[in-house]
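Participant: Dropping in work_2.txt, with compact mmCIF, C-alpha atoms.
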```txt
# COMPACT_ATOMS: atom_id res chain seq x y z
CA MET A 1 -31.25 4.63 101.34
CA ALA A 2 -29.76 1.39 102.49
CA GLY A 3 -30.80 0.04 105.86
CA LYS A 4 -28.47 -1.01 108.62
CA PHE A 5 -28.04 -4.70 109.13
CA LYS A 6 -28.68 -6.42 112.42
CA TYR A 7 -26.14 -9.06 113.36
CA GLY A 8 -26.99 -12.40 114.90
CA VAL A 9 -25.63 -15.91 115.24
CA SER A 10 -27.35 -19.24 114.84
CA THR A 11 -26.44 -22.01 117.23
CA TYR A 12 -26.24 -24.15 114.10
CA SER A 13 -22.78 -22.63 113.81
CA TYR A 14 -21.73 -24.68 116.82
CA VAL A 15 -23.01 -28.10 115.72
CA ASP A 16 -20.99 -30.99 117.20
CA ASP A 17 -19.43 -28.62 119.73
CA TYR A 18 -22.83 -27.97 121.29
CA GLY A 19 -23.49 -30.55 123.97
CA THR A 20 -19.93 -31.86 123.83
CA VAL A 21 -17.60 -28.95 124.50
CA MET A 22 -20.22 -26.20 124.75
CA THR A 23 -23.22 -25.59 126.99
CA LEU A 24 -26.17 -23.33 126.23
CA GLU A 25 -24.62 -20.59 128.35
CA ASP A 26 -21.30 -20.99 126.52
CA ALA A 27 -23.17 -20.47 123.24
CA PHE A 28 -24.76 -17.27 124.59
CA ASP A 29 -21.32 -16.07 125.67
CA HIS A 30 -19.75 -16.73 122.27
CA ILE A 31 -22.64 -15.11 120.42
CA ALA A 32 -22.75 -12.02 122.63
CA GLY A 33 -18.98 -11.82 122.36
CA THR A 34 -19.21 -11.10 118.64
CA GLY A 35 -21.22 -7.96 119.33
CA ALA A 36 -24.34 -9.62 117.92
CA THR A 37 -27.74 -8.59 119.19
CA GLY A 38 -29.68 -11.70 118.21
CA ILE A 39 -29.64 -15.42 118.88
CA GLU A 40 -31.11 -17.97 116.51
CA ILE A 41 -31.68 -21.51 117.71
CA MET A 42 -32.87 -24.87 116.51
CA GLY A 43 -35.94 -25.69 118.57
CA GLU A 44 -35.34 -29.40 118.91
CA ALA A 45 -31.71 -28.95 119.88
CA GLN A 46 -31.25 -26.11 122.31
CA ILE A 47 -34.64 -26.52 124.00
CA GLU A 48 -34.26 -29.26 126.55
CA GLY A 49 -37.47 -31.21 126.96
CA TYR A 50 -38.69 -30.12 123.51
CA PRO A 51 -41.51 -29.66 122.67
CA LYS A 52 -42.54 -28.96 126.26
CA PRO A 53 -39.58 -27.48 128.15
CA GLY A 54 -39.86 -27.49 131.92
CA ASN A 55 -39.94 -24.38 134.07
CA GLY A 56 -36.30 -24.83 135.01
CA TRP A 57 -35.18 -24.62 131.40
CA LEU A 58 -37.53 -21.70 130.69
CA ASP A 59 -36.09 -19.78 133.65
CA THR A 60 -32.59 -20.44 132.31
CA TRP A 61 -33.55 -19.25 128.83
CA PHE A 62 -34.93 -15.91 129.99
CA ARG A 63 -32.08 -15.41 132.47
CA LEU A 64 -29.52 -15.90 129.69
CA LEU A 65 -31.32 -13.54 127.30
CA ASP A 66 -31.23 -10.92 130.00
CA ARG A 67 -27.68 -11.53 131.13
CA TYR A 68 -26.16 -11.57 127.64
CA ASN A 69 -28.51 -8.91 126.28
CA LEU A 70 -29.56 -10.93 123.23
CA GLU A 71 -32.95 -11.01 121.53
CA PRO A 72 -34.42 -14.23 120.14
CA THR A 73 -34.50 -13.97 116.34
CA ASN A 74 -35.43 -17.14 114.49
CA MET A 75 -36.30 -20.60 115.71
CA CYS A 76 -35.74 -23.49 113.33
CA SER A 77 -38.26 -26.31 113.28
CA TRP A 78 -38.92 -29.44 111.28
CA VAL A 79 -42.14 -30.85 109.92
CA ASP A 80 -41.52 -34.61 109.92
CA MET A 81 -43.45 -35.30 106.74
CA ARG A 82 -42.35 -38.93 106.62
CA LEU A 83 -43.42 -39.55 110.20
CA THR A 84 -42.78 -43.27 109.90
CA LEU A 85 -41.74 -45.39 106.95
CA SER A 86 -45.39 -46.24 106.33
CA HIS A 87 -47.17 -43.03 107.34
CA SER A 88 -46.75 -39.51 106.01
CA LEU A 89 -48.31 -36.60 107.83
CA THR A 90 -51.86 -35.65 106.94
CA ILE A 91 -52.70 -31.98 106.52
CA GLU A 92 -54.16 -31.94 110.03
CA GLU A 93 -51.02 -33.51 111.48
CA GLY A 94 -48.74 -31.17 109.55
CA ALA A 95 -50.75 -28.17 110.71
CA ALA A 96 -50.45 -29.43 114.29
CA GLU A 97 -46.65 -29.69 114.00
CA LEU A 98 -46.48 -26.12 112.79
CA GLU A 99 -48.87 -24.89 115.48
CA ARG A 100 -46.79 -26.60 118.18
CA ASP A 101 -43.65 -24.79 117.04
CA LEU A 102 -45.35 -21.43 116.49
CA ARG A 103 -46.59 -21.45 120.06
CA LEU A 104 -43.23 -22.54 121.41
CA ALA A 105 -41.34 -19.92 119.38
CA HIS A 106 -43.68 -17.24 120.67
CA GLN A 107 -43.35 -18.45 124.24
CA LEU A 108 -39.58 -18.04 124.00
CA GLY A 109 -39.78 -14.61 122.38
CA PHE A 110 -38.92 -15.47 118.76
CA LYS A 111 -40.25 -13.34 115.91
CA PHE A 112 -39.46 -15.80 113.11
CA LEU A 113 -40.04 -19.51 112.69
CA ARG A 114 -38.29 -21.47 109.97
CA PRO A 115 -40.09 -24.75 109.37
CA LYS A 116 -38.25 -27.32 107.27
CA PHE A 117 -40.89 -28.88 105.05
CA GLY A 118 -40.50 -32.35 103.63
CA VAL A 119 -39.41 -32.43 100.00
CA LEU A 120 -40.17 -34.62 97.01
CA SER A 121 -37.28 -34.03 94.62
CA HIS A 122 -33.59 -33.31 94.30
CA ASP A 123 -34.25 -29.63 93.68
CA LEU A 124 -36.15 -29.61 96.96
CA ILE A 125 -39.72 -29.13 95.78
CA PRO A 126 -41.74 -29.27 98.99
CA ASP A 127 -44.56 -31.66 99.68
CA PRO A 128 -47.55 -29.69 98.28
CA GLN A 129 -49.36 -30.04 101.60
CA TRP A 130 -47.10 -27.32 103.06
CA GLU A 131 -49.50 -24.77 101.68
CA ALA A 132 -52.55 -26.16 103.45
CA TYR A 133 -50.93 -26.62 106.81
CA THR A 134 -49.30 -23.22 106.65
CA GLU A 135 -52.50 -21.47 105.63
CA ARG A 136 -54.30 -23.02 108.60
CA ASN A 137 -51.76 -21.35 110.88
CA LEU A 138 -51.65 -17.85 109.40
CA ASP A 139 -54.21 -16.41 111.82
CA LEU A 140 -52.37 -17.91 114.75
CA ALA A 141 -49.04 -16.58 113.48
CA ASP A 142 -50.60 -13.15 113.17
CA LYS A 143 -51.97 -13.33 116.70
CA LEU A 144 -48.59 -14.41 118.05
CA GLY A 145 -46.60 -11.91 115.99
CA VAL A 146 -44.45 -14.59 114.36
CA ILE A 147 -43.42 -14.74 110.70
CA ILE A 148 -43.12 -18.20 109.15
CA CYS A 149 -40.18 -18.29 106.77
CA PRO A 150 -39.07 -21.40 104.88
CA GLU A 151 -35.50 -21.16 103.72
CA ILE A 152 -34.23 -20.94 100.18
CA HIS A 153 -31.25 -23.23 100.42
CA ALA A 154 -28.83 -24.81 97.95
CA PRO A 155 -29.38 -26.60 95.63
CA THR A 156 -32.53 -24.49 95.14
CA PRO A 157 -31.65 -21.17 93.45
CA ILE A 158 -33.72 -17.97 93.64
CA ASN A 159 -35.09 -18.31 90.15
CA HIS A 160 -36.99 -21.53 90.77
CA GLN A 161 -40.53 -22.86 91.11
CA VAL A 162 -40.04 -23.42 94.85
CA VAL A 163 -39.53 -19.69 95.36
CA ASP A 164 -42.34 -18.89 92.90
CA GLY A 165 -44.66 -21.12 94.90
CA TYR A 166 -43.92 -19.31 98.14
CA ILE A 167 -44.33 -15.91 96.51
CA ASP A 168 -47.64 -16.97 94.93
CA PHE A 169 -48.81 -18.01 98.39
CA ILE A 170 -47.89 -14.61 99.86
CA GLU A 171 -49.65 -12.79 97.03
CA ARG A 172 -52.75 -14.97 97.13
CA THR A 173 -53.27 -14.78 100.90
CA GLY A 174 -51.97 -11.23 101.37
CA THR A 175 -50.34 -12.46 104.57
CA LYS A 176 -47.73 -10.52 106.51
CA ASN A 177 -46.84 -13.65 108.47
CA PHE A 178 -45.04 -15.59 105.78
CA GLY A 179 -41.83 -14.65 104.00
CA LEU A 180 -38.63 -15.98 102.51
CA MET A 181 -35.48 -16.82 104.38
CA ILE A 182 -32.41 -16.69 102.18
CA ASP A 183 -29.50 -18.96 103.03
CA THR A 184 -26.38 -17.34 101.60
CA GLY A 185 -25.01 -20.77 100.71
CA ILE A 186 -26.83 -20.28 97.39
CA PHE A 187 -24.18 -17.71 96.44
CA GLN A 188 -21.27 -20.10 97.07
CA ASN A 189 -19.11 -20.20 93.94
CA VAL A 190 -16.06 -22.16 95.09
CA PRO A 191 -16.29 -25.89 95.99
CA LEU A 192 -16.24 -26.89 99.64
CA THR A 193 -13.33 -28.94 100.93
CA HIS A 194 -14.98 -30.33 104.07
CA TRP A 195 -18.40 -31.54 105.06
CA GLY A 196 -18.98 -32.17 108.73
CA SER A 197 -15.81 -33.59 110.20
CA HIS A 198 -14.66 -35.12 106.93
CA GLN A 199 -12.77 -34.05 103.87
CA ILE A 200 -15.08 -34.37 100.86
CA ASN A 201 -14.18 -37.30 98.61
CA ASP A 202 -15.20 -37.85 95.00
CA GLU A 203 -18.02 -40.17 96.01
CA ALA A 204 -19.67 -37.56 98.25
CA ARG A 205 -19.17 -34.88 95.63
CA LYS A 206 -20.97 -37.04 93.08
CA HIS A 207 -24.00 -37.48 95.33
CA MET A 208 -24.09 -33.92 96.60
CA GLU A 209 -23.20 -31.72 93.66
CA PHE A 210 -24.34 -28.63 95.53
CA LEU A 211 -21.15 -28.96 97.61
CA ASN A 212 -19.43 -27.43 94.61
CA GLY A 213 -21.65 -24.34 94.89
CA ILE A 214 -24.67 -23.33 92.84
CA ALA A 215 -23.30 -19.81 92.35
CA VAL A 216 -26.53 -17.81 92.21
CA ASN A 217 -25.86 -14.31 90.89
CA PRO A 218 -26.08 -12.08 93.99
CA ASP A 219 -28.06 -9.47 92.08
CA GLU A 220 -30.95 -11.95 91.86
CA PHE A 221 -31.52 -11.17 95.52
CA LEU A 222 -33.04 -7.89 94.36
CA ASP A 223 -35.74 -9.78 92.43
CA VAL A 224 -37.19 -11.27 95.62
CA ALA A 225 -35.97 -8.83 98.27
CA LYS A 226 -39.46 -7.52 99.07
CA TYR A 227 -40.41 -10.99 100.29
CA VAL A 228 -37.23 -11.67 102.26
CA VAL A 229 -37.67 -11.42 106.03
CA PHE A 230 -34.53 -13.13 107.32
CA ILE A 231 -31.05 -14.05 106.11
CA GLN A 232 -29.00 -16.96 107.34
CA ALA A 233 -25.42 -15.92 106.61
CA LYS A 234 -24.14 -19.37 105.67
CA PHE A 235 -20.38 -19.75 105.32
CA HIS A 236 -17.71 -22.45 105.62
CA ASP A 237 -14.19 -21.16 105.88
CA ILE A 238 -12.61 -17.75 106.44
CA ASN A 239 -8.82 -17.73 106.26
CA ASP A 240 -6.23 -15.91 108.36
CA GLU A 241 -6.40 -12.91 106.00
CA LEU A 242 -10.15 -12.55 106.66
CA GLU A 243 -11.02 -13.87 103.20
CA ASP A 244 -14.02 -16.16 102.78
CA GLN A 245 -12.96 -19.15 100.69
CA ASN A 246 -16.39 -19.98 99.26
CA ILE A 247 -18.90 -17.11 99.46
CA PRO A 248 -18.33 -13.94 97.40
CA TRP A 249 -19.39 -11.56 100.15
CA LYS A 250 -18.63 -8.28 98.45
CA PRO A 251 -21.21 -8.60 95.66
CA VAL A 252 -23.59 -10.36 98.09
CA ILE A 253 -23.42 -7.51 100.60
CA SER A 254 -23.72 -5.01 97.78
CA ALA A 255 -26.93 -6.62 96.52
CA ILE A 256 -28.44 -6.91 99.99
CA LYS A 257 -27.57 -3.28 100.79
CA ARG A 258 -29.01 -2.04 97.50
CA SER A 259 -32.26 -3.86 98.29
CA GLY A 260 -32.67 -1.79 101.46
CA TYR A 261 -32.81 -4.91 103.64
CA SER A 262 -32.44 -3.97 107.29
CA GLY A 263 -33.07 -7.29 108.99
CA TYR A 264 -30.77 -9.87 110.48
CA LEU A 265 -27.66 -11.47 109.06
CA SER A 266 -27.56 -14.55 111.25
CA SER A 267 -24.29 -16.44 111.04
CA GLU A 268 -24.43 -20.08 110.07
CA TYR A 269 -20.99 -21.63 110.10
CA GLU A 270 -21.08 -24.93 108.22
CA GLY A 271 -17.41 -25.73 107.77
CA LEU A 272 -15.08 -28.30 109.25
CA ARG A 273 -16.51 -29.63 112.49
CA SER A 274 -13.31 -29.66 114.46
CA PRO A 275 -13.79 -28.90 118.16
CA TRP A 276 -13.95 -25.16 118.89
CA ARG A 277 -13.12 -24.16 115.30
CA SER A 278 -16.57 -22.68 114.80
CA ILE A 279 -16.16 -20.11 117.55
CA ASP A 280 -13.46 -18.03 115.90
CA GLN A 281 -14.86 -18.67 112.42
CA VAL A 282 -18.07 -16.93 113.50
CA ARG A 283 -16.05 -14.05 114.92
CA ARG A 284 -14.16 -13.75 111.65
CA GLN A 285 -17.41 -13.62 109.71
CA HIS A 286 -18.73 -10.83 111.90
CA ALA A 287 -15.54 -8.87 111.41
CA LEU A 288 -15.76 -9.44 107.65
CA LEU A 289 -19.45 -8.58 107.26
CA ARG A 290 -19.21 -5.48 109.44
CA LYS A 291 -16.18 -4.32 107.49
CA LEU A 292 -17.99 -4.76 104.18
CA GLU A 293 -21.10 -2.98 105.44
CA ARG A 294 -18.96 -0.07 106.64
CA GLU A 295 -17.11 0.11 103.34
CA TYR A 296 -20.36 0.04 101.39
CA ASP A 297 -21.82 2.79 103.53
CA GLU A 298 -18.68 4.87 103.02
CA GLY A 299 -19.03 4.47 99.26
CA LEU A 300 -15.85 2.40 98.90
CA PHE A 301 -17.76 -0.03 96.69
CA ALA A 302 -21.21 -0.12 95.18
CA MET B 1 -21.40 -33.16 128.54
CA LEU B 2 -20.85 -35.84 125.94
CA GLU B 3 -17.67 -36.68 124.04
CA HIS B 4 -17.14 -34.92 120.72
CA GLN B 5 -16.93 -38.12 118.70
CA LEU B 6 -20.19 -39.81 117.78
CA ILE B 7 -19.03 -43.09 119.34
CA GLN B 8 -18.36 -42.49 123.00
CA SER B 9 -15.42 -44.04 124.87
CA THR B 10 -17.37 -44.49 128.04
CA GLY B 11 -20.27 -46.89 127.81
CA PHE B 12 -18.62 -49.44 125.51
CA HIS B 13 -19.25 -52.60 127.50
CA ASN B 14 -20.44 -56.20 127.50
CA PHE B 15 -23.92 -56.99 128.76
CA GLY B 16 -25.55 -60.12 130.13
CA PRO B 17 -24.64 -62.28 133.14
CA ASP B 18 -21.05 -62.37 134.28
CA GLY B 19 -19.43 -65.39 132.63
CA ALA B 20 -22.25 -65.72 130.10
CA ARG B 21 -22.24 -62.39 128.26
CA GLU B 22 -24.97 -61.97 125.65
CA GLY B 23 -23.50 -59.13 123.68
CA PHE B 24 -22.02 -55.66 123.81
CA ALA B 25 -23.25 -52.10 123.87
CA VAL B 26 -21.89 -49.04 122.03
CA ARG B 27 -22.76 -45.67 123.54
CA VAL B 28 -23.40 -42.91 120.98
CA ARG B 29 -24.59 -39.35 120.99
CA ILE B 30 -27.32 -38.40 118.54
CA PRO B 31 -26.00 -38.72 114.97
CA ASN B 32 -27.63 -35.49 113.90
CA TYR B 33 -27.37 -31.74 114.46
CA HIS B 34 -30.72 -31.60 116.22
CA GLY B 35 -32.88 -33.84 118.34
CA THR B 36 -35.51 -36.03 116.69
CA ARG B 37 -38.30 -38.45 117.24
CA LEU B 38 -36.92 -41.97 117.42
CA SER B 39 -38.95 -42.78 114.29
CA GLN B 40 -36.58 -40.51 112.36
CA LEU B 41 -33.82 -43.08 112.88
CA ASP B 42 -33.71 -46.33 110.99
CA GLY B 43 -31.23 -48.29 113.03
CA PHE B 44 -27.48 -48.67 113.25
CA ASP B 45 -25.06 -50.99 111.52
CA VAL B 46 -22.12 -51.88 113.74
CA THR B 47 -18.79 -53.39 112.70
CA VAL B 48 -16.23 -54.46 115.30
CA ASP B 49 -12.80 -55.61 114.19
CA GLY B 50 -14.29 -56.36 110.78
CA GLU B 51 -17.26 -58.38 112.07
CA PHE B 52 -20.53 -56.90 110.79
CA PHE B 53 -23.75 -56.64 112.80
CA SER B 54 -26.79 -55.49 110.80
CA PHE B 55 -29.12 -52.63 111.72
CA GLU B 56 -31.98 -55.07 111.33
CA GLN B 57 -30.88 -57.08 114.35
CA ASN B 58 -29.31 -54.41 116.56
CA ARG B 59 -31.51 -52.78 119.19
CA PHE B 60 -31.40 -49.32 120.72
CA ARG B 61 -31.65 -48.30 124.36
CA ILE B 62 -32.36 -44.82 125.63
CA ARG B 63 -33.47 -43.81 129.13
CA ASN B 64 -33.82 -47.49 130.09
CA GLU B 65 -36.23 -48.19 127.24
CA VAL B 66 -35.14 -50.76 124.65
CA TYR B 67 -36.38 -50.64 121.06
CA THR B 68 -36.10 -53.18 118.28
CA LEU B 69 -35.80 -51.73 114.79
CA GLU B 70 -39.53 -52.29 114.21
CA GLU B 71 -40.41 -50.55 117.46
CA MET B 72 -38.09 -47.63 116.77
CA ARG B 73 -39.60 -47.12 113.34
CA GLU B 74 -43.01 -46.54 114.93
CA ALA B 75 -41.80 -44.50 117.94
CA VAL B 76 -43.23 -41.05 117.13
CA GLU B 77 -43.56 -39.77 120.70
CA PRO B 78 -40.20 -40.58 122.35
CA ARG B 79 -37.43 -38.19 121.34
CA TRP B 80 -33.65 -38.14 121.57
CA GLY B 81 -32.10 -34.87 122.71
CA MET B 82 -28.68 -33.30 122.24
CA PHE B 83 -27.48 -33.95 125.77
CA GLU B 84 -28.57 -37.58 125.91
CA TYR B 85 -26.68 -40.67 124.92
CA GLY B 86 -28.16 -43.91 123.72
CA TYR B 87 -26.82 -47.43 123.45
CA ILE B 88 -26.72 -49.66 120.41
CA LEU B 89 -27.21 -53.18 121.73
CA VAL B 90 -25.53 -55.89 119.70
CA ASP B 91 -26.09 -59.59 120.33
CA LYS B 92 -22.86 -61.56 120.44
CA PRO B 93 -22.71 -64.61 122.73
CA GLY B 94 -19.71 -64.28 125.00
CA GLY B 95 -19.41 -60.55 124.33
CA LEU B 96 -16.17 -58.90 123.28
CA ALA B 97 -12.76 -59.66 124.72
CA PRO B 98 -11.35 -57.01 127.04
CA GLY B 99 -9.00 -54.68 125.24
CA ILE B 100 -8.98 -52.30 122.31
CA HIS B 101 -11.34 -52.79 119.36
CA LYS B 102 -11.94 -50.97 116.13
CA VAL B 103 -15.58 -49.90 116.23
CA GLU B 104 -17.55 -48.60 113.27
CA VAL B 105 -21.12 -47.33 113.37
CA LYS B 106 -23.31 -46.42 110.45
CA ALA B 107 -26.35 -44.57 111.74
CA ARG B 108 -29.27 -44.50 109.33
CA ILE B 109 -30.90 -41.11 109.81
CA ARG B 110 -34.17 -40.21 108.14
CA TYR B 111 -34.57 -36.68 106.81
CA SER B 112 -37.98 -35.66 105.50
CA TYR B 113 -36.34 -32.70 103.82
CA PHE B 114 -33.98 -34.86 101.79
CA PRO B 115 -35.17 -36.25 98.43
CA PRO B 116 -37.08 -39.55 98.85
CA ASP B 117 -34.42 -41.81 97.35
CA VAL B 118 -31.77 -40.56 99.78
CA HIS B 119 -34.02 -39.76 102.71
CA ILE B 120 -32.40 -42.51 104.77
CA PHE B 121 -28.99 -40.93 105.03
CA PRO B 122 -26.01 -42.79 106.49
CA MET B 123 -23.75 -41.15 109.02
CA HIS B 124 -20.56 -43.10 109.45
CA ALA B 125 -18.16 -42.94 112.38
CA GLU B 126 -15.28 -45.11 113.49
CA ARG B 127 -12.73 -45.14 116.25
CA PHE B 128 -10.79 -47.36 118.58
CA ALA B 129 -12.65 -48.08 121.81
CA THR B 130 -11.84 -50.16 124.84
CA ILE B 131 -13.69 -52.94 126.62
CA CYS B 132 -12.53 -52.84 130.22
CA VAL B 133 -14.29 -55.86 131.70
CA ALA B 134 -14.87 -59.30 130.13
```
The structure in this file should be written as structure tokens.
Facilitator:
Amino acid sequence: MAGKFKYGVSTYSYVDDYGTVMTLEDAFDHIAGTGATGIEIMGEAQIEGYPKPGNGWLDTWFRLLDRYNLEPTNMCSWVDMRLTLSHSLTIEEGAAELERDLRLAHQLGFKFLRPKFGVLSHDLIPDPQWEAYTERNLDLADKLGVIICPEIHAPTPINHQVVDGYIDFIERTGTKNFGLMIDTGIFQNVPLTHWGSHQINDEARKHMEFLNGIAVNPDEFLDVAKYVVFIQAKFHDINDELEDQNIPWKPVISAIKRSGYSGYLSSEYEGLRSPWRSIDQVRRQHALLRKLEREYDEGLFA
Amino acid sequence: MLEHQLIQSTGFHNFGPDGAREGFAVRVRIPNYHGTRLSQLDGFDVTVDGEFFSFEQNRFRIRNEVYTLEEMREAVEPRWGMFEYGYILVDKPGGLAPGIHKVEVKARIRYSYFPPDVHIFPMHAERFATICVA
């Protein structure tokens, strides 16, 4: 029996608009306006005074959650491995970064924390110290009721040693406080046309081949579904006919439904950063994903 | 709130004593989608009307604190948030003439989660901006 999805939006969707044509309350309004129940944020973006927000900001945060009837889902954080050009974080320092963000996420009501670990290669193999500084925080995460979930993000596919490493960690420790976040950008099978506010030229395409899509077979989701705790519904462009130009949502939704996943699909618009464009793109994605879920549930596709 | 473009219209000005300007300042919002420690930035190249000013010489001012490149590289406590602007300070005796200039900025952002050889990632922006006062 397939679960029902929960729908959320990440403030990442509103990059460049946020802070220029959009306040925190505007973001809440746009997110709630999609019918979503969850808000995902980037800690060091939406939290003013990060990592120690003042009481004024905290009051605002809880007032907005209440007013717009949204629950905090995931908070994104970064572990600044290359702290300076000459000093990389020690295990103790890395553990402290993670602890800082776990406590802050909990304070704000988040159930998931996505740390971005430093990487050592073009297929995004993380600095091996991630394991030590994460393990040192598992008891704290358990106490706080927060699940740490690094993201599986293009150009890293599902069938890869990065994913194997995370799964080995879960199996070895038996933890319930660590899982996988899947970024649906891995399923992209049509090249992007824009990156940020720019059209992609040949030079950029050469350096960032993943912009063309790494086209993971959606059915591979089923291989790791038992470890997946959160999904960032990455997308870039949905046209006026409600067709996504890059992500094959039908087979993606089919695979996720068949896995029984009943967690969040948290929108991450990453298309052209033209002022206000993101707002309706997110709304289109919610219309599209809800339509596909309904059609799947009605047996219109399998 | 800030302007949508990285390079802000307001805040582009000459600095130094009236009649003996020492340089000019370019106001920018953070060239990233999230706030960071200052140490996660590795300076800014600036080009005005084709004249190039290297990141190694340009300084950065935020909240009335001024950082040289070397100081910014070691600044692990101070952070730059989404609602704050900073100034790139460029030495140029006499400053810029009043009027419209073509301004280009290449911000050198450091991403720990990018592969080492590209971990200093350039973000480029350009626009026309106006110096109001000599």
Participant: Would you mind telling me which residue in B:Arg21, B:Arg29, B:His13, B:Arg59 lies nearest to chain A when using only C-alpha atoms?
Facilitator: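 The answer is B:Arg29, which sits nearest to chain A.
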Participant: I need the chain A residues near chain B as a PDB file with C-alpha atoms, in the coordinates of the input; criterion: at most 7 Å, counting all atoms listed in the file.
Facilitator:
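What landed in part_25.pdb:
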```pdb
ATOM      1  CA  VAL A  15     -23.010 -28.100 115.720  1.00  0.00           C
ATOM      2  CA  ASP A  16     -20.990 -30.990 117.200  1.00  0.00           C
ATOM      3  CA  ASP A  17     -19.430 -28.620 119.730  1.00  0.00           C
ATOM      4  CA  GLY A  19     -23.490 -30.550 123.970  1.00  0.00           C
ATOM      5  CA  THR A  20     -19.930 -31.860 123.830  1.00  0.00           C
ATOM      6  CA  VAL A  21     -17.600 -28.950 124.500  1.00  0.00           C
ATOM      7  CA  GLU A  44     -35.340 -29.400 118.910  1.00  0.00           C
ATOM      8  CA  ALA A  45     -31.710 -28.950 119.880  1.00  0.00           C
ATOM      9  CA  ASP A  80     -41.520 -34.610 109.920  1.00  0.00           C
ATOM     10  CA  MET A  81     -43.450 -35.300 106.740  1.00  0.00           C
ATOM     11  CA  ARG A  82     -42.350 -38.930 106.620  1.00  0.00           C
ATOM     12  CA  LEU A  83     -43.420 -39.550 110.200  1.00  0.00           C
ATOM     13  CA  THR A  84     -42.780 -43.270 109.900  1.00  0.00           C
ATOM     14  CA  LEU A  85     -41.740 -45.390 106.950  1.00  0.00           C
ATOM     15  CA  LYS A 116     -38.250 -27.320 107.270  1.00  0.00           C
ATOM     16  CA  PHE A 117     -40.890 -28.880 105.050  1.00  0.00           C
ATOM     17  CA  GLY A 118     -40.500 -32.350 103.630  1.00  0.00           C
ATOM     18  CA  VAL A 119     -39.410 -32.430 100.000  1.00  0.00           C
ATOM     19  CA  LEU A 120     -40.170 -34.620  97.010  1.00  0.00           C
ATOM     20  CA  SER A 121     -37.280 -34.030  94.620  1.00  0.00           C
ATOM     21  CA  HIS A 122     -33.590 -33.310  94.300  1.00  0.00           C
ATOM     22  CA  LEU A 124     -36.150 -29.610  96.960  1.00  0.00           C
TER      23      LEU A 124
END
```
Participant: List the neighbours of Leu89 (chain B) out to 10 Å using all atoms listed in the file; skip same-chain residues closer than 6 positions along the sequence, and give me the result as a short mmCIF file (atom, residue, chain, number, x, y, z; two decimals) with C-alpha atoms, in the coordinates of the input.
Facilitator:
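The result, stored in out_28.cif:
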```cif
data_model
loop_
_atom_site.label_atom_id
_atom_site.label_comp_id
_atom_site.auth_asym_id
_atom_site.auth_seq_id
_atom_site.Cartn_x
_atom_site.Cartn_y
_atom_site.Cartn_z
CA HIS B 13 -19.25 -52.60 127.50
CA ASN B 14 -20.44 -56.20 127.50
CA PHE B 15 -23.92 -56.99 128.76
CA GLU B 22 -24.97 -61.97 125.65
CA GLY B 23 -23.50 -59.13 123.68
CA PHE B 24 -22.02 -55.66 123.81
CA ALA B 25 -23.25 -52.10 123.87
CA VAL B 26 -21.89 -49.04 122.03
CA ARG B 27 -22.76 -45.67 123.54
CA PHE B 44 -27.48 -48.67 113.25
CA VAL B 46 -22.12 -51.88 113.74
CA GLN B 57 -30.88 -57.08 114.35
CA ASN B 58 -29.31 -54.41 116.56
CA ARG B 59 -31.51 -52.78 119.19
CA PHE B 60 -31.40 -49.32 120.72
CA ARG B 61 -31.65 -48.30 124.36
CA VAL B 66 -35.14 -50.76 124.65
CA TYR B 67 -36.38 -50.64 121.06
CA THR B 68 -36.10 -53.18 118.28
#
```
Participant: Closest to Thr184 (chain A) among A:Ile148, A:Ile41, A:Leu288, A:Ile253, using all atoms listed in the file?
Facilitator: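 Using all atoms listed in the file, Thr184 (chain A) sits closest to A:Ile253.
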Participant: Mind pulling up the distance from CA of Lys4 (chain A) to CA of Ser259 (chain A)?
Facilitator: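 Interatomic distance, CA of Ser259 (chain A) to CA of Lys4 (chain A): 11.4 Å.
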Participant: Between CA of Ala215 (chain A) and CA of His124 (chain B), what is the distance, to one decimal in Å?
Facilitator: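 If I compute the distance from CA of Ala215 (chain A) to CA of His124 (chain B), I get 29.0 Å.
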Participant: So that I can check the surroundings of region 173-175 of chain A, please list as a list in words every protein, DNA and RNA residue that reaches within 12 Å of it, counting all atoms listed in the file and ignoring chain neighbours fewer than 2 positions away.
Facilitator: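 So the residues in contact are Glu131, Ala132, Thr134, Glu135, Arg136, Asn137, Leu138, Asp139, Leu140, Ala141, Asp142, Val146, Ile147, Ile148, Cys149, Tyr166, Ile167, Asp168, Phe169, Ile170, Glu171, Asn177, Phe178, Gly179 and Tyr227 of chain A.
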Participant: From the list A:Ala302, A:Thr11, A:Pro126, A:Met42, which residue is nearest Ala27 (chain A) when using all atoms listed in the file?
Facilitator: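 Selected residue with least distance to Ala27 (chain A): A:Thr11.
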